[in-house]
Every structure is written in structure tokens, then in C-alpha cells.
Amino acid sequence: MIHPIDRARAIERFEQIPRLSLGHYPTPIEKLPRLRAALGNAPKLCIKRDDCTGPGFGGNKVRKLEYVLAAAQAEGADTVITCGGEKSNHCRVTAMLAARLGLECVLALNRASHEAKPASLAIGQWVGARIVSVERREQRAPAMERMAAELRGQGKRPYIIPLGASTPLGAMGYVAAASVLAAQMEAAGLRFDAIFLSSSSGGTHAGLAAGRELFLRPEVQLYGVSPDDAAACIQAAVSGIVQGIGARLGVTLDAPVTVLDEYIGPRYGVESEAGREAFDLVARTEGIVLDPVYTAKAMAGLIDWIRKGRLAPEMRVLFWHTGGQMALFHV
Ligand SMILES: Cc1ncc(COP(=O)(O)O)c(C=O)c1O
């Protein structure tokens, strides 16, 4: 529990952090009555439509980049460098926002074997990002450093954005999201006992966890569902970012972090059977499209918990749609 005086001071510091206004907010909270009926004996279900954040075809990256790009501009950067896979939502949104802000953009992307070009890679190229291909994940960070050195040698001012913008600064985007969620809940008379979301590099989860301590009830349970790494690994990443947020806001934040890793399926980026079922069920009952890599697997976790009776019918659960649907498209 944070002392009210410490909380007020932390909120004051949070509100002073420079941020660009780039997204379309507040993203809607919608009820999911037909999904609930199809599941039977389910809690009341709502969805937070962060797939509708706007720029770069939306998703959770917009919120993080509002803080990170503000810092890049404050440092006088003329180029941003970041990394991911060829289908990376983070890289696509970074490239599109960089174009909008008049920044150059370099993306260190893992080459993947596929016949058609992923839409996110094509979009990055259309908006003028320079693509540097690397073979393996471990080569991304050194490639970014090499590019930064090369650009500095040319008199440019590069700014490196780490994977997924999942730094304490980037995660402030989800502290802000928690603050707006609290206002939306108050205005609509809503209450949530649990929030399910996809959690990978940890910034989204960490921002919401920190934001919960500042703006929501601490009893609201947050369940991050992994699309790739073991629970312990993501939990450690999320906790580290939460601590970093606390350090920045001058408050100790040490809430427990829960990550579920039973819904990864074959591996990262490969559809799971449960994810496919969740994708189809949500599409057919609610007309909402998830993405196969992150949100379908997170929804599979929520559905499994409902079927196993872990979420009682009197509970209210929010599913956080973090976007990512561009992964469905190739050009
Ligand atoms: C669509 C989508 N959902 C969820 C996540 C996970 O967010 P985070 O990396 O902040 O844990 C990502 C990250 O790549 C994503 O692209």
C-alpha cells in the first residue's frame, strides 16, 4: 500500500513527464455479452480496445512511444533506431510515428523465412525506414549500436529505442492508460476484479501494474499471458520495469506480478490450437478480430480460466486488446 501523500507526490511527478499527444484516446471499453453467453457460467466480460489507439494501425506501442519519442526530441535526436522481428508491431508504429515527426528511422529486423512480405515490414519501408537485416535475435542490440556509431560519424544524432520501448519511460504510457481507465470506470460505473493482457517485453504489464497502485484499486488482479518466454523471465522483466517506474516517480512499487506461460503453444509467432479457437470465438460472437501472435493466446488463457471455473460468474473481467492484427496481412 502506498501512503496517500507519497501517491499524490508520485502522481505529480508522473504528470510532469514530457509526452507527445499522438494517439486517439480514450480507447473504448466495450461489453462482450455474446462471448460471455457462449462461454456459459462466465464472469461479466469487457474489452479495452487499444487496437484502436490510432497511428501506425494502432496497438499498445503508440502509448509507449508518446513518452519515448518525446525524450528523443528533447535530446535533439534526428534519427531513431529500434529493433524487432520483420512482423514487429513496435517497429511498424515507430517507423510511422518517426515519419510523422520528421525523424529518420532505422530498424534492425530479424530476417524470417516467408514467401510474402509481412505487411508491417512493407509499411516500414513505405514510410521511409531504413531496414538493417540481422539473422538472430542476439544480433539486434549490437546492430543498433553499430548503426548509432555510423550515424554519429556522419554528424547525425541517433536515439536508440530498446525492444518494444519497454523501458520505465515507455511503460509510463500504460501508467497513463491506467489513469484514464480509472476515469472511464468512474464515468460508466464500471468495476473490474481482473485484467487479462498479453505480456512479452513487459512494458505494457509493468505500466498497468504501476498505474494500478496509483490510480486503481490494488485488489484488481493483473494476469499477463506470455506469447513467448517462461513466466519467471517475463515476471522478472515486468518487476524490473515497475521498480524503474517507482524510482522515477520517487515511490516504492513492489506489487506481485503474475504471468501465465501455459498458452504459448508451439512457440512464439506460431498459432496455437487454443489461440485459434479463441480467435474464431471472439470474431464470431463479437465481430472483433484479435491477432494470432499475442492477443489470441492471451484470450485463450482467459477462456481457459473461465472454463476451469477460476473466474466466478459474479466477477467482472477486462480483456486488454493490445492490437497486432497487421500480422494477419502480407503484401
Ligand atoms: C500486439 C501486441 N500485444 C502485446 C504485446 C506485448 O507487449 P509488451 O511487449 O509491452 O509486453 C506486443 C509486443 O510486442 C504486441 O505487439
# chains A, B, ... in the order shown; residues from 1 in each chain; ligands from 1
call {"tool": "residues_around", "arguments": {"residues": "range 12-18 of chain A", "least_positions_apart": "3", "cutoff": "12 Å", "atoms": "only C-alpha atoms", "output": "PyMOL selection string"}}
result
chain A and resi 5-9+21+65-75+168-176+179+207+210-211+214-215+245-251
call {"tool": "residues_near_ligand", "arguments": {"ligand": "ligand 1", "cutoff": "9 Å", "atoms": "only C-alpha atoms and all ligand atoms", "output": "MDAnalysis selection string"}}
result
chainID A and resid 51 59:61 64 84 88:90 163:166 170:171 197:207 224 226:227 234 238 290:291 293:295 298 321:327
call {"tool": "select_by_dssp", "arguments": {"residues": "range 73-143 of chain A", "states": "helix (DSSP H, G or I)", "output": "number ranges by chain"}}
result
A: 73-74, 89-101, 119-126, 137-143
call {"tool": "atom_distance", "arguments": {"atom1": "CA of Ala283 in chain A", "atom2": "CA of Glu271 in chain A"}}
result
15.9 Å
call {"tool": "closest_residue", "arguments": {"among": "A:Asp228, A:Glu286, A:Glu145, A:Glu314", "to": "Ile264 in chain A", "atoms": "only C-alpha atoms"}}
result
A:Asp228
call {"tool": "atom_distance", "arguments": {"atom1": "CA of Ala278 in chain A", "atom2": "CA of Arg307 in chain A"}}
result
12.4 Å
call {"tool": "residues_around", "arguments": {"residues": "Thr82 in chain A", "least_positions_apart": "3", "cutoff": "6 Å", "atoms": "only C-alpha atoms", "output": "list in words"}}
result
Leu107, Ile160 and Ile161 of chain A
call {"tool": "write_last_selection", "arguments": {"atoms": "N, CA and C atoms", "output": "compact mmCIF listing (two decimals), in the first residue's frame"}}
result
# COMPACT_ATOMS: atom_id res chain seq x y z
N LEU A 107 15.58 0.42 -38.65
CA LEU A 107 15.04 -0.75 -37.96
C LEU A 107 15.98 -1.94 -38.15
N ILE A 160 18.54 5.47 -29.59
CA ILE A 160 18.18 4.04 -29.63
C ILE A 160 16.97 3.79 -28.74
N ILE A 161 15.96 3.13 -29.31
CA ILE A 161 14.78 2.73 -28.53
C ILE A 161 14.89 1.21 -28.32
call {"tool": "select_by_dssp", "arguments": {"residues": "range 130-295 of chain A", "states": "strand (DSSP E)", "output": "PDB file with N, CA and C atoms, in the first residue's frame"}}
result
ATOM      1  N   ARG A 130      14.840   2.818 -42.868  1.00  0.00           N
ATOM      2  CA  ARG A 130      15.955   2.030 -43.419  1.00  0.00           C
ATOM      3  C   ARG A 130      15.988   0.702 -42.676  1.00  0.00           C
ATOM      4  N   ILE A 131      15.992  -0.392 -43.418  1.00  0.00           N
ATOM      5  CA  ILE A 131      15.941  -1.712 -42.779  1.00  0.00           C
ATOM      6  C   ILE A 131      17.334  -2.326 -42.768  1.00  0.00           C
ATOM      7  N   VAL A 132      17.780  -2.750 -41.587  1.00  0.00           N
ATOM      8  CA  VAL A 132      19.037  -3.482 -41.460  1.00  0.00           C
ATOM      9  C   VAL A 132      18.662  -4.896 -41.027  1.00  0.00           C
ATOM     10  N   SER A 133      18.961  -5.888 -41.859  1.00  0.00           N
ATOM     11  CA  SER A 133      18.554  -7.264 -41.528  1.00  0.00           C
ATOM     12  C   SER A 133      19.599  -7.946 -40.673  1.00  0.00           C
ATOM     13  N   VAL A 134      19.138  -8.658 -39.652  1.00  0.00           N
ATOM     14  CA  VAL A 134      20.049  -9.477 -38.839  1.00  0.00           C
ATOM     15  C   VAL A 134      19.499 -10.902 -38.811  1.00  0.00           C
ATOM     16  N   PRO A 158      21.554  10.094 -33.390  1.00  0.00           N
ATOM     17  CA  PRO A 158      20.650   8.940 -33.266  1.00  0.00           C
ATOM     18  C   PRO A 158      20.194   8.707 -31.829  1.00  0.00           C
ATOM     19  N   TYR A 159      19.036   8.103 -31.691  1.00  0.00           N
ATOM     20  CA  TYR A 159      18.468   7.773 -30.373  1.00  0.00           C
ATOM     21  C   TYR A 159      17.995   6.322 -30.460  1.00  0.00           C
ATOM     22  N   ILE A 160      18.538   5.474 -29.592  1.00  0.00           N
ATOM     23  CA  ILE A 160      18.181   4.043 -29.629  1.00  0.00           C
ATOM     24  C   ILE A 160      16.967   3.790 -28.740  1.00  0.00           C
ATOM     25  N   ALA A 194     -10.427  -8.247 -12.393  1.00  0.00           N
ATOM     26  CA  ALA A 194      -9.233  -8.802 -13.034  1.00  0.00           C
ATOM     27  C   ALA A 194      -9.071  -8.221 -14.436  1.00  0.00           C
ATOM     28  N   ILE A 195      -7.806  -8.099 -14.848  1.00  0.00           N
ATOM     29  CA  ILE A 195      -7.476  -7.652 -16.208  1.00  0.00           C
ATOM     30  C   ILE A 195      -6.555  -8.708 -16.823  1.00  0.00           C
ATOM     31  N   PHE A 196      -6.890  -9.172 -18.007  1.00  0.00           N
ATOM     32  CA  PHE A 196      -6.027 -10.094 -18.748  1.00  0.00           C
ATOM     33  C   PHE A 196      -5.395  -9.336 -19.912  1.00  0.00           C
ATOM     34  N   LEU A 197      -4.094  -9.561 -20.136  1.00  0.00           N
ATOM     35  CA  LEU A 197      -3.416  -8.915 -21.260  1.00  0.00           C
ATOM     36  C   LEU A 197      -2.267  -9.781 -21.734  1.00  0.00           C
ATOM     37  N   SER A 198      -1.819  -9.537 -22.940  1.00  0.00           N
ATOM     38  CA  SER A 198      -0.630 -10.212 -23.443  1.00  0.00           C
ATOM     39  C   SER A 198       0.598  -9.495 -22.887  1.00  0.00           C
ATOM     40  N   GLN A 221      -6.727  -7.749  -9.989  1.00  0.00           N
ATOM     41  CA  GLN A 221      -5.695  -8.710 -10.366  1.00  0.00           C
ATOM     42  C   GLN A 221      -5.296  -8.494 -11.822  1.00  0.00           C
ATOM     43  N   LEU A 222      -3.985  -8.501 -12.062  1.00  0.00           N
ATOM     44  CA  LEU A 222      -3.486  -8.364 -13.436  1.00  0.00           C
ATOM     45  C   LEU A 222      -2.877  -9.694 -13.855  1.00  0.00           C
ATOM     46  N   TYR A 223      -3.346 -10.254 -14.970  1.00  0.00           N
ATOM     47  CA  TYR A 223      -2.775 -11.509 -15.459  1.00  0.00           C
ATOM     48  C   TYR A 223      -2.157 -11.276 -16.831  1.00  0.00           C
ATOM     49  N   GLY A 224      -0.828 -11.345 -16.886  1.00  0.00           N
ATOM     50  CA  GLY A 224      -0.132 -11.249 -18.163  1.00  0.00           C
ATOM     51  C   GLY A 224      -0.028 -12.644 -18.753  1.00  0.00           C
ATOM     52  N   VAL A 225      -0.331 -12.778 -20.043  1.00  0.00           N
ATOM     53  CA  VAL A 225      -0.243 -14.088 -20.693  1.00  0.00           C
ATOM     54  C   VAL A 225       0.914 -14.036 -21.685  1.00  0.00           C
ATOM     55  N   THR A 258       1.967 -11.448 -11.917  1.00  0.00           N
ATOM     56  CA  THR A 258       1.579 -12.800 -12.326  1.00  0.00           C
ATOM     57  C   THR A 258       1.620 -12.926 -13.844  1.00  0.00           C
ATOM     58  N   VAL A 259       2.383 -13.904 -14.318  1.00  0.00           N
ATOM     59  CA  VAL A 259       2.440 -14.194 -15.759  1.00  0.00           C
ATOM     60  C   VAL A 259       2.090 -15.664 -15.960  1.00  0.00           C
ATOM     61  N   LEU A 260       1.236 -15.948 -16.928  1.00  0.00           N
ATOM     62  CA  LEU A 260       0.849 -17.324 -17.250  1.00  0.00           C
ATOM     63  C   LEU A 260       1.592 -17.740 -18.520  1.00  0.00           C
TER      64      LEU A 260
END
call {"tool": "closest_residue", "arguments": {"among": "A:Ala237, A:Ala255, A:Ala300, A:Leu32", "to": "Glu277 in chain A", "atoms": "only C-alpha atoms"}}
result
A:Ala300
call {"tool": "closest_residue", "arguments": {"among": "A:Pro43, A:Gly54, A:Gly155, A:Gly287", "to": "Leu302 in chain A", "atoms": "only C-alpha atoms"}}
result
A:Pro43
call {"tool": "residues_around", "arguments": {"residues": "Thr79 in chain A", "least_positions_apart": "5", "cutoff": "8 Å", "atoms": "only C-alpha atoms", "output": "number ranges by chain"}}
result
A: 103-106, 156-159
call {"tool": "closest_residue", "arguments": {"among": "A:Leu101, A:Ala37, A:Ala108, A:Ala274", "to": "Leu20 in chain A", "atoms": "only C-alpha atoms"}}
result
A:Leu101
call {"tool": "residues_around", "arguments": {"residues": "Gln184 in chain A", "least_positions_apart": "3", "cutoff": "10 Å", "atoms": "only C-alpha atoms", "output": "ChimeraX atom specification"}}
result
/A:26-29,178-181,187-190
call {"tool": "closest_residue", "arguments": {"among": "A:Arg63, A:Leu35, A:Glu138, A:Ala231", "to": "Ile47 in chain A", "atoms": "only C-alpha atoms"}}
result
A:Leu35
call {"tool": "residues_around", "arguments": {"residues": "Pro33 in chain A", "least_positions_apart": "6", "cutoff": "10 Å", "atoms": "only C-alpha atoms", "output": "list in words"}}
result
Leu39, Ala42, Lys44, Leu45, Cys46, Thr285 and Glu286 of chain A
call {"tool": "atom_distance", "arguments": {"atom1": "CA of Gly58 in chain A", "atom2": "CA of Gln139 in chain A"}}
result
27.4 Å
call {"tool": "closest_residue", "arguments": {"among": "A:Val257, A:Ile306, A:Val317, A:Ala230", "to": "Glu30 in chain A", "atoms": "only C-alpha atoms"}}
result
A:Val317
call {"tool": "decode", "arguments": {"residues": "range 30-161 of chain A", "atoms": "C-alpha atoms", "output": "short mmCIF file (atom, residue, chain, number, x, y, z; two decimals), in the first residue's frame"}}
result
data_model
loop_
_atom_site.label_atom_id
_atom_site.label_comp_id
_atom_site.auth_asym_id
_atom_site.auth_seq_id
_atom_site.Cartn_x
_atom_site.Cartn_y
_atom_site.Cartn_z
CA GLU A 30 -16.90 -2.48 -24.85
CA LYS A 31 -19.02 -5.20 -23.28
CA LEU A 32 -18.74 -8.76 -24.60
CA PRO A 33 -22.19 -10.20 -23.84
CA ARG A 34 -22.28 -12.74 -26.69
CA LEU A 35 -18.85 -14.12 -25.85
CA ARG A 36 -19.95 -14.40 -22.22
CA ALA A 37 -23.13 -16.26 -23.22
CA ALA A 38 -21.16 -18.60 -25.49
CA LEU A 39 -18.81 -19.50 -22.64
CA GLY A 40 -21.60 -20.14 -20.10
CA ASN A 41 -21.12 -19.50 -16.38
CA ALA A 42 -18.64 -16.78 -17.24
CA PRO A 43 -17.84 -13.53 -15.44
CA LYS A 44 -19.02 -10.24 -16.94
CA LEU A 45 -16.57 -9.53 -19.74
CA CYS A 46 -15.39 -6.26 -21.27
CA ILE A 47 -12.66 -5.45 -23.77
CA LYS A 48 -10.37 -2.40 -23.81
CA ARG A 49 -9.87 -1.51 -27.46
CA ASP A 50 -6.21 -0.48 -27.55
CA ASP A 51 -6.15 -1.93 -31.04
CA CYS A 52 -7.80 1.45 -31.80
CA THR A 53 -5.05 3.73 -30.46
CA GLY A 54 -4.68 5.12 -33.99
CA PRO A 55 -1.30 5.83 -35.61
CA GLY A 56 0.60 3.00 -37.28
CA PHE A 57 -2.59 0.88 -37.27
CA GLY A 58 -2.80 1.16 -33.51
CA GLY A 59 -1.97 -1.19 -30.68
CA ASN A 60 -0.08 -0.84 -27.42
CA LYS A 61 3.12 0.65 -28.92
CA VAL A 62 1.57 4.06 -29.54
CA ARG A 63 1.20 4.79 -25.82
CA LYS A 64 4.82 3.87 -25.04
CA LEU A 65 6.23 5.81 -27.94
CA GLU A 66 4.46 9.00 -26.88
CA TYR A 67 6.90 9.16 -23.95
CA VAL A 68 9.97 7.73 -25.64
CA LEU A 69 9.74 9.94 -28.72
CA ALA A 70 9.20 12.99 -26.52
CA ALA A 71 12.52 12.13 -24.83
CA ALA A 72 14.20 11.60 -28.22
CA GLN A 73 13.03 15.02 -29.39
CA ALA A 74 14.10 16.64 -26.12
CA GLU A 75 17.60 15.24 -26.67
CA GLY A 76 17.64 16.74 -30.15
CA ALA A 77 17.62 13.39 -31.96
CA ASP A 78 17.18 13.42 -35.72
CA THR A 79 17.08 9.63 -36.12
CA VAL A 80 15.52 6.83 -34.09
CA ILE A 81 16.86 3.28 -34.15
CA THR A 82 14.93 0.30 -32.89
CA CYS A 83 14.61 -3.46 -33.41
CA GLY A 84 12.28 -6.43 -33.63
CA GLY A 85 11.12 -9.18 -35.98
CA GLU A 86 10.01 -8.47 -39.55
CA LYS A 87 6.38 -8.52 -38.38
CA SER A 88 7.12 -6.30 -35.39
CA ASN A 89 4.24 -4.06 -34.36
CA HIS A 90 6.66 -1.91 -32.38
CA CYS A 91 8.89 -1.30 -35.43
CA ARG A 92 5.96 -0.52 -37.71
CA VAL A 93 4.47 2.03 -35.29
CA THR A 94 7.91 3.56 -34.60
CA ALA A 95 8.54 3.97 -38.34
CA MET A 96 5.15 5.58 -38.92
CA LEU A 97 5.45 7.96 -35.98
CA ALA A 98 9.02 8.85 -36.94
CA ALA A 99 7.77 9.83 -40.41
CA ARG A 100 5.04 11.93 -38.83
CA LEU A 101 7.55 13.72 -36.58
CA GLY A 102 10.13 14.25 -39.33
CA LEU A 103 12.65 11.86 -37.79
CA GLU A 104 14.68 9.33 -39.74
CA CYS A 105 14.17 5.74 -38.69
CA VAL A 106 16.45 2.69 -38.78
CA LEU A 107 15.04 -0.75 -37.96
CA ALA A 108 17.24 -3.76 -37.11
CA LEU A 109 14.95 -6.63 -38.06
CA ASN A 110 15.32 -10.37 -37.75
CA ARG A 111 15.04 -11.99 -41.13
CA ALA A 112 12.24 -14.56 -41.22
CA SER A 113 11.60 -17.22 -43.83
CA HIS A 114 8.34 -16.48 -45.60
CA GLU A 115 7.28 -16.20 -49.19
CA ALA A 116 5.25 -12.99 -48.96
CA LYS A 117 6.44 -9.78 -47.33
CA PRO A 118 4.83 -9.14 -43.92
CA ALA A 119 2.62 -6.03 -44.00
CA SER A 120 4.49 -4.44 -41.08
CA LEU A 121 7.82 -4.70 -42.93
CA ALA A 122 6.30 -3.26 -46.12
CA ILE A 123 4.69 -0.38 -44.22
CA GLY A 124 8.01 0.43 -42.53
CA GLN A 125 9.61 0.66 -45.98
CA TRP A 126 6.75 2.73 -47.40
CA VAL A 127 7.20 5.38 -44.71
CA GLY A 128 10.92 5.52 -45.42
CA ALA A 129 12.54 3.48 -42.65
CA ARG A 130 15.96 2.03 -43.42
CA ILE A 131 15.94 -1.71 -42.78
CA VAL A 132 19.04 -3.48 -41.46
CA SER A 133 18.55 -7.26 -41.53
CA VAL A 134 20.05 -9.48 -38.84
CA GLU A 135 19.96 -13.26 -38.65
CA ARG A 136 19.42 -13.82 -34.94
CA ARG A 137 17.73 -12.03 -32.04
CA GLU A 138 21.06 -11.61 -30.18
CA GLN A 139 22.42 -9.62 -33.12
CA ARG A 140 19.79 -6.88 -32.82
CA ALA A 141 21.32 -4.85 -29.98
CA PRO A 142 24.88 -4.85 -31.44
CA ALA A 143 23.44 -3.92 -34.85
CA MET A 144 21.67 -0.93 -33.28
CA GLU A 145 24.90 0.19 -31.59
CA ARG A 146 26.80 -0.16 -34.88
CA MET A 147 24.18 1.90 -36.71
CA ALA A 148 24.24 4.56 -33.99
CA ALA A 149 28.06 4.82 -34.23
CA GLU A 150 27.91 5.04 -38.02
CA LEU A 151 25.26 7.78 -37.88
CA ARG A 152 27.19 9.74 -35.25
CA GLY A 153 30.20 9.54 -37.56
CA GLN A 154 28.05 11.24 -40.22
CA GLY A 155 27.19 14.05 -37.81
CA LYS A 156 23.69 12.74 -37.04
CA ARG A 157 22.03 12.47 -33.63
CA PRO A 158 20.65 8.94 -33.27
CA TYR A 159 18.47 7.77 -30.37
CA ILE A 160 18.18 4.04 -29.63
CA ILE A 161 14.78 2.73 -28.53
#
